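To keep things clear, I will list the structure first and then write my remarks on it.
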Amino acid sequence: MSSSSLLYALSLIPGIGNKTLRDLITTFGTVEAIWNASESKLLHTKGIGPKTIDHLIHWRNTLRPDEEWQKIIDQEIDIITFLDDEYPSILKEIPDSPMILFTRGSYNFRIEKPMIAIVGSRKCTNYGKQVAHKLASDLSLAGYTIVSGLAFGIDSIAHKAVLDTEGSTIAVLAGGVDDPSIAPQTHLSLAKNILKKGMILSEYLPGLQATEHTFPARNRIVAGMCVGTIVVEAEEKSGALITAGLALDYNRDVFAVPGSLFSPLSRGTNHLIKSGAKIVTSLQDILEEFPLPEKNNIVNTSLLSQKESVYTDVEKKILSVLSNEPLHIDKIIKAVRLEIPLISSTLTLLEIKGCIRNIGGMCYIKI
């Protein structure tokens with residue numbers, strides 16, 4: 001039995017959570033010592049009640065650590081424990097870091113690649129969508145790994161933007177990482193796409209569904225494993241602000257995107273800025289705080305706005321009427337006065353080139 005499998009087995013015992021495991025390791029030094037400790041020694045352990053000790057004694061005589069470990073592996077899910085070299089070192093720094101992580105996909109945490117969280121409202125505005133997409137794309141191209149929570153809105157936009165750049169992204173879940181537990185289920189295909197170039201992870205056992213109580217715990221992992229957290233849009237009371245607050249508690253940097261004074265979704269971010277969060281309007285704001293190794297820092301830091309493309313006359317005409325404000329295709333047709341099939345095909349080509357984006361409802365923006 002390995003130390004990691006013993007630690008995992010201990011985490012399965014009723015009454016033994018993160019805090020109790022930490023207390024036990026602090027007292028006994030190793031998981032082997034905990035597993036073999038006598039009842040009298042356990043009874044003299046501070047902070048561990050008799051009921052928990054009864055559970056420990058009973059279940060360690062019943063559980064087969066290697067078999068329990070194999071049950072997870074058989075589901076094509078990996079386990080990383082606090083004792084493993086593969087465990088993200090930056091996450092170890094926070095006082096309530098999870099002792100067990102369940103993962104799918106592939107990501108090498110031992111490569112010192114800065115991780116940045118991008119979080120925000122589930123019901124984001126077009127402005128929020130544009131900003132999240134742009135920042136995630138540029139940060140990914142610069143060499144950062146983007147971390148978020150797979151939720152609707154800003155989270156999913158950030159993940160998708162990174163995938164478009166073929167960069168690395170990590171989704172931290174509030175439930176199990178097995179297919180049926182992924183929430184929301186409508187993002188199952190997104191989660192599977194993330195697995196191709198990154199990882200999904202959770203501290204929760206496969207089969208456990210996300211609840212309102214597990215999301216704040218998830219947020220601490222997002223904040224704890226990143227050098228900085230960017231909040232794109234957030235109401236005055238939101239999960240994104242909880243993540244930002246946790247990041248501050250962990251002595252991490254918090255960035256906020258300024259927004260309209262009239263938008264409820266900008267109240268949270270504008271308040272963060274008033275409270276001392278750093279304003280982020282471009283990739284340069286992040287690079288100034290977390291410089292990348294010179295070999296990675298090869299991007300145009302003005303939000304990569306200059307496209308190295310040669311445009312046709314038709315493309316130039318369409319681009320001339322587009323901006324960062326959504327424009328419906330009917331208005332594009334009216335403005336450029338070209339044949340509809342030609343406009344439609346050109347819009348598709350411009351999307352492939354990464355110059356414009358269809359934000360839904362046949363509305364386009366320039367990026």
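Chain identifiers are assigned as A, B, and so on, following the order in which chains appear in the structure tokens; residues are numbered from 1 within each chain, and ligands are numbered from 1 in order of appearance.
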Inset, instruction - From the DSSP assignment of the backbone, select every residue of segment 85-177 of chain A that is helix (DSSP H, G or I), and format the answer as number ranges by chain. - result: A: 89-92, 126-142, 154-164
Skip segment 75-81 of chain A itself and residues of its chain fewer than 2 positions away, then list as a PDB file with N, CA and C atoms, in the first residue's frame all residues within 9 Å of it, counting only C-alpha atoms.
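Done, and the output landed in selection.pdb:
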```pdb
ATOM      1  N   SER A   4      -0.042   7.366  -0.810  1.00  0.00           N
ATOM      2  CA  SER A   4      -1.144   8.047  -1.495  1.00  0.00           C
ATOM      3  C   SER A   4      -2.442   7.256  -1.384  1.00  0.00           C
ATOM      4  N   SER A   5      -2.355   5.929  -1.562  1.00  0.00           N
ATOM      5  CA  SER A   5      -3.577   5.123  -1.465  1.00  0.00           C
ATOM      6  C   SER A   5      -4.096   5.094  -0.036  1.00  0.00           C
ATOM      7  N   LEU A   7      -3.768   7.607   2.126  1.00  0.00           N
ATOM      8  CA  LEU A   7      -4.382   8.917   2.340  1.00  0.00           C
ATOM      9  C   LEU A   7      -5.761   8.956   1.713  1.00  0.00           C
ATOM     10  N   TYR A   8      -5.881   8.407   0.508  1.00  0.00           N
ATOM     11  CA  TYR A   8      -7.187   8.371  -0.151  1.00  0.00           C
ATOM     12  C   TYR A   8      -8.168   7.529   0.660  1.00  0.00           C
ATOM     13  N   TRP A  69      -8.536   2.561  -4.500  1.00  0.00           N
ATOM     14  CA  TRP A  69      -7.818   3.373  -5.485  1.00  0.00           C
ATOM     15  C   TRP A  69      -8.099   2.868  -6.905  1.00  0.00           C
ATOM     16  N   GLN A  70      -8.050   1.544  -7.072  1.00  0.00           N
ATOM     17  CA  GLN A  70      -8.247   0.944  -8.385  1.00  0.00           C
ATOM     18  C   GLN A  70      -9.662   1.193  -8.907  1.00  0.00           C
ATOM     19  N   LYS A  71     -10.637   1.282  -8.002  1.00  0.00           N
ATOM     20  CA  LYS A  71     -12.018   1.558  -8.430  1.00  0.00           C
ATOM     21  C   LYS A  71     -12.114   2.882  -9.187  1.00  0.00           C
ATOM     22  N   ILE A  72     -11.334   3.855  -8.746  1.00  0.00           N
ATOM     23  CA  ILE A  72     -11.334   5.161  -9.412  1.00  0.00           C
ATOM     24  C   ILE A  72     -10.586   5.073 -10.743  1.00  0.00           C
ATOM     25  N   ILE A  73      -9.448   4.414 -10.716  1.00  0.00           N
ATOM     26  CA  ILE A  73      -8.652   4.278 -11.940  1.00  0.00           C
ATOM     27  C   ILE A  73      -9.441   3.553 -13.020  1.00  0.00           C
ATOM     28  N   LEU A  83       0.284  14.390  -1.095  1.00  0.00           N
ATOM     29  CA  LEU A  83       1.619  13.820  -0.909  1.00  0.00           C
ATOM     30  C   LEU A  83       2.384  13.651  -2.219  1.00  0.00           C
ATOM     31  N   ASP A  84       1.698  13.811  -3.339  1.00  0.00           N
ATOM     32  CA  ASP A  84       2.299  13.503  -4.641  1.00  0.00           C
ATOM     33  C   ASP A  84       3.051  14.698  -5.220  1.00  0.00           C
ATOM     34  N   ASP A  85       4.117  14.401  -5.954  1.00  0.00           N
ATOM     35  CA  ASP A  85       4.859  15.457  -6.654  1.00  0.00           C
ATOM     36  C   ASP A  85       4.007  16.136  -7.714  1.00  0.00           C
ATOM     37  N   GLU A  86       3.015  15.425  -8.232  1.00  0.00           N
ATOM     38  CA  GLU A  86       2.161  15.974  -9.291  1.00  0.00           C
ATOM     39  C   GLU A  86       1.178  17.017  -8.766  1.00  0.00           C
ATOM     40  N   TYR A  87       1.008  17.069  -7.457  1.00  0.00           N
ATOM     41  CA  TYR A  87       0.055  18.019  -6.870  1.00  0.00           C
ATOM     42  C   TYR A  87       0.541  19.444  -7.132  1.00  0.00           C
ATOM     43  N   PRO A  98      -7.241  21.120  -0.756  1.00  0.00           N
ATOM     44  CA  PRO A  98      -7.805  19.761  -0.708  1.00  0.00           C
ATOM     45  C   PRO A  98      -6.710  18.708  -0.637  1.00  0.00           C
ATOM     46  N   MET A  99      -6.934  17.691   0.151  1.00  0.00           N
ATOM     47  CA  MET A  99      -5.958  16.617   0.283  1.00  0.00           C
ATOM     48  C   MET A  99      -6.014  15.646  -0.902  1.00  0.00           C
ATOM     49  N   ILE A 100      -7.180  15.609  -1.554  1.00  0.00           N
ATOM     50  CA  ILE A 100      -7.380  14.695  -2.681  1.00  0.00           C
ATOM     51  C   ILE A 100      -7.942  15.472  -3.860  1.00  0.00           C
ATOM     52  N   LEU A 101      -7.400  15.222  -5.052  1.00  0.00           N
ATOM     53  CA  LEU A 101      -7.949  15.786  -6.282  1.00  0.00           C
ATOM     54  C   LEU A 101      -8.230  14.644  -7.263  1.00  0.00           C
ATOM     55  N   PHE A 102      -9.420  14.658  -7.829  1.00  0.00           N
ATOM     56  CA  PHE A 102      -9.776  13.710  -8.878  1.00  0.00           C
ATOM     57  C   PHE A 102      -9.650  14.444 -10.209  1.00  0.00           C
ATOM     58  N   THR A 103      -8.968  13.840 -11.160  1.00  0.00           N
ATOM     59  CA  THR A 103      -8.690  14.552 -12.410  1.00  0.00           C
ATOM     60  C   THR A 103      -8.964  13.682 -13.631  1.00  0.00           C
ATOM     61  N   ARG A 104      -9.279  14.375 -14.716  1.00  0.00           N
ATOM     62  CA  ARG A 104      -9.330  13.745 -16.040  1.00  0.00           C
ATOM     63  C   ARG A 104      -8.619  14.674 -17.012  1.00  0.00           C
ATOM     64  N   GLY A 105      -7.981  14.080 -17.993  1.00  0.00           N
ATOM     65  CA  GLY A 105      -7.211  14.875 -18.931  1.00  0.00           C
ATOM     66  C   GLY A 105      -5.741  14.796 -18.599  1.00  0.00           C
ATOM     67  N   VAL A 177     -16.031  14.443 -11.445  1.00  0.00           N
ATOM     68  CA  VAL A 177     -15.509  14.661 -12.802  1.00  0.00           C
ATOM     69  C   VAL A 177     -16.015  13.612 -13.793  1.00  0.00           C
ATOM     70  N   ASP A 178     -16.791  12.632 -13.322  1.00  0.00           N
ATOM     71  CA  ASP A 178     -17.373  11.652 -14.229  1.00  0.00           C
ATOM     72  C   ASP A 178     -18.451  12.324 -15.081  1.00  0.00           C
ATOM     73  N   PRO A 206     -16.293  10.846  -7.717  1.00  0.00           N
ATOM     74  CA  PRO A 206     -17.158  10.613  -8.874  1.00  0.00           C
ATOM     75  C   PRO A 206     -18.556  10.217  -8.411  1.00  0.00           C
TER      76      PRO A 206
END
```
Inset, instruction - Give me every strand (DSSP E) residue in segment 159-333 of chain A, going by DSSP on the backbone, as a list in words. - result: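 Checking each residue of segment 159-333 of chain A, the strand (DSSP E) ones are Thr169, Ile170, Ala171, Val172, Met199, Ile200, Leu201, Ser202, Gly228, Thr229, Ile230, Val231, Asp253, Val254, Phe255, Ala256, Lys278, Ile279, Leu327 and His328 of chain A.
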Residues as selected, N, CA, C and O atoms, written as a PDB file, in the first residue's frame, can you do that?
```
ATOM      1  N   THR A 169      -6.176  24.878 -20.705  1.00  0.00           N
ATOM      2  CA  THR A 169      -7.171  25.384 -19.771  1.00  0.00           C
ATOM      3  C   THR A 169      -7.567  24.288 -18.792  1.00  0.00           C
ATOM      4  O   THR A 169      -7.548  23.099 -19.127  1.00  0.00           O
ATOM      5  N   ILE A 170      -7.906  24.689 -17.582  1.00  0.00           N
ATOM      6  CA  ILE A 170      -8.294  23.753 -16.518  1.00  0.00           C
ATOM      7  C   ILE A 170      -9.657  24.173 -15.987  1.00  0.00           C
ATOM      8  O   ILE A 170      -9.868  25.347 -15.661  1.00  0.00           O
ATOM      9  N   ALA A 171     -10.575  23.226 -15.918  1.00  0.00           N
ATOM     10  CA  ALA A 171     -11.897  23.476 -15.353  1.00  0.00           C
ATOM     11  C   ALA A 171     -11.987  22.823 -13.976  1.00  0.00           C
ATOM     12  O   ALA A 171     -11.740  21.620 -13.843  1.00  0.00           O
ATOM     13  N   VAL A 172     -12.309  23.617 -12.968  1.00  0.00           N
ATOM     14  CA  VAL A 172     -12.467  23.112 -11.603  1.00  0.00           C
ATOM     15  C   VAL A 172     -13.964  22.968 -11.340  1.00  0.00           C
ATOM     16  O   VAL A 172     -14.720  23.933 -11.471  1.00  0.00           O
ATOM     17  N   MET A 199      -7.317  19.862 -18.538  1.00  0.00           N
ATOM     18  CA  MET A 199      -7.746  18.983 -17.447  1.00  0.00           C
ATOM     19  C   MET A 199      -9.033  19.495 -16.816  1.00  0.00           C
ATOM     20  O   MET A 199      -9.291  20.702 -16.779  1.00  0.00           O
ATOM     21  N   ILE A 200      -9.849  18.576 -16.334  1.00  0.00           N
ATOM     22  CA  ILE A 200     -10.926  18.923 -15.412  1.00  0.00           C
ATOM     23  C   ILE A 200     -10.584  18.261 -14.084  1.00  0.00           C
ATOM     24  O   ILE A 200     -10.032  17.156 -14.053  1.00  0.00           O
ATOM     25  N   LEU A 201     -10.874  18.944 -12.994  1.00  0.00           N
ATOM     26  CA  LEU A 201     -10.525  18.392 -11.683  1.00  0.00           C
ATOM     27  C   LEU A 201     -11.556  18.771 -10.640  1.00  0.00           C
ATOM     28  O   LEU A 201     -12.313  19.733 -10.796  1.00  0.00           O
ATOM     29  N   SER A 202     -11.567  18.017  -9.560  1.00  0.00           N
ATOM     30  CA  SER A 202     -12.497  18.248  -8.458  1.00  0.00           C
ATOM     31  C   SER A 202     -11.962  17.559  -7.207  1.00  0.00           C
ATOM     32  O   SER A 202     -11.200  16.602  -7.300  1.00  0.00           O
ATOM     33  N   GLY A 228      -3.138  34.778 -10.037  1.00  0.00           N
ATOM     34  CA  GLY A 228      -4.033  35.925 -10.056  1.00  0.00           C
ATOM     35  C   GLY A 228      -5.406  35.536 -10.556  1.00  0.00           C
ATOM     36  O   GLY A 228      -5.567  34.536 -11.271  1.00  0.00           O
ATOM     37  N   THR A 229      -6.410  36.321 -10.168  1.00  0.00           N
ATOM     38  CA  THR A 229      -7.785  36.088 -10.590  1.00  0.00           C
ATOM     39  C   THR A 229      -8.322  37.339 -11.274  1.00  0.00           C
ATOM     40  O   THR A 229      -8.224  38.439 -10.722  1.00  0.00           O
ATOM     41  N   ILE A 230      -8.878  37.160 -12.469  1.00  0.00           N
ATOM     42  CA  ILE A 230      -9.490  38.262 -13.208  1.00  0.00           C
ATOM     43  C   ILE A 230     -11.007  38.120 -13.117  1.00  0.00           C
ATOM     44  O   ILE A 230     -11.566  37.079 -13.482  1.00  0.00           O
ATOM     45  N   VAL A 231     -11.668  39.160 -12.626  1.00  0.00           N
ATOM     46  CA  VAL A 231     -13.130  39.187 -12.589  1.00  0.00           C
ATOM     47  C   VAL A 231     -13.600  40.077 -13.732  1.00  0.00           C
ATOM     48  O   VAL A 231     -13.270  41.257 -13.781  1.00  0.00           O
ATOM     49  N   ASP A 253      -3.096  38.028  -6.355  1.00  0.00           N
ATOM     50  CA  ASP A 253      -3.517  39.267  -6.997  1.00  0.00           C
ATOM     51  C   ASP A 253      -4.922  39.135  -7.566  1.00  0.00           C
ATOM     52  O   ASP A 253      -5.289  38.082  -8.106  1.00  0.00           O
ATOM     53  N   VAL A 254      -5.688  40.213  -7.453  1.00  0.00           N
ATOM     54  CA  VAL A 254      -7.036  40.263  -8.024  1.00  0.00           C
ATOM     55  C   VAL A 254      -7.099  41.398  -9.033  1.00  0.00           C
ATOM     56  O   VAL A 254      -6.687  42.524  -8.744  1.00  0.00           O
ATOM     57  N   PHE A 255      -7.594  41.073 -10.217  1.00  0.00           N
ATOM     58  CA  PHE A 255      -7.763  42.048 -11.284  1.00  0.00           C
ATOM     59  C   PHE A 255      -9.261  42.168 -11.581  1.00  0.00           C
ATOM     60  O   PHE A 255      -9.993  41.190 -11.472  1.00  0.00           O
ATOM     61  N   ALA A 256      -9.692  43.345 -11.972  1.00  0.00           N
ATOM     62  CA  ALA A 256     -11.095  43.540 -12.323  1.00  0.00           C
ATOM     63  C   ALA A 256     -11.196  44.366 -13.596  1.00  0.00           C
ATOM     64  O   ALA A 256     -10.426  45.300 -13.807  1.00  0.00           O
ATOM     65  N   LYS A 278      -6.655  45.545  -9.092  1.00  0.00           N
ATOM     66  CA  LYS A 278      -5.962  46.166 -10.218  1.00  0.00           C
ATOM     67  C   LYS A 278      -6.856  46.167 -11.451  1.00  0.00           C
ATOM     68  O   LYS A 278      -7.467  45.158 -11.781  1.00  0.00           O
ATOM     69  N   ILE A 279      -6.915  47.301 -12.117  1.00  0.00           N
ATOM     70  CA  ILE A 279      -7.698  47.389 -13.347  1.00  0.00           C
ATOM     71  C   ILE A 279      -6.982  46.614 -14.444  1.00  0.00           C
ATOM     72  O   ILE A 279      -5.774  46.744 -14.625  1.00  0.00           O
ATOM     73  N   LEU A 327     -23.482  43.966 -34.534  1.00  0.00           N
ATOM     74  CA  LEU A 327     -24.206  44.451 -35.702  1.00  0.00           C
ATOM     75  C   LEU A 327     -24.890  43.266 -36.385  1.00  0.00           C
ATOM     76  O   LEU A 327     -24.250  42.271 -36.725  1.00  0.00           O
ATOM     77  N   HIS A 328     -26.215  43.369 -36.569  1.00  0.00           N
ATOM     78  CA  HIS A 328     -26.985  42.281 -37.172  1.00  0.00           C
ATOM     79  C   HIS A 328     -26.647  42.165 -38.651  1.00  0.00           C
ATOM     80  O   HIS A 328     -26.324  43.151 -39.317  1.00  0.00           O
TER      81      HIS A 328
END
```
Inset, instruction - In Å, rounded to a single decimal, give me how far atom CA of Pro291 of chain A is from atom CA of Lys160 of chain A. - result: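 Going from atom CA of Lys160 of chain A over to atom CA of Pro291 of chain A, I get 24.2 Å.
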Inset, instruction - Tell me, as a list in words, which residues lie within 9 Å of Gly128 of chain A, counting only C-alpha atoms; anything in the same chain fewer than 5 positions away does not count. - result: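 That gives Gly120, Ser121, His133, Gly153, Ile154, Val232, Glu233, Val257, Gly259 and Leu265 of chain A.
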Legend entry - Neighbour list for Thr27 of chain A as an MDAnalysis selection string, cut-off 12 Å, only C-alpha atoms, skip fewer than 2 positions in-chain: chainID A and resid 20:25 29:31 33:34 37 41:48
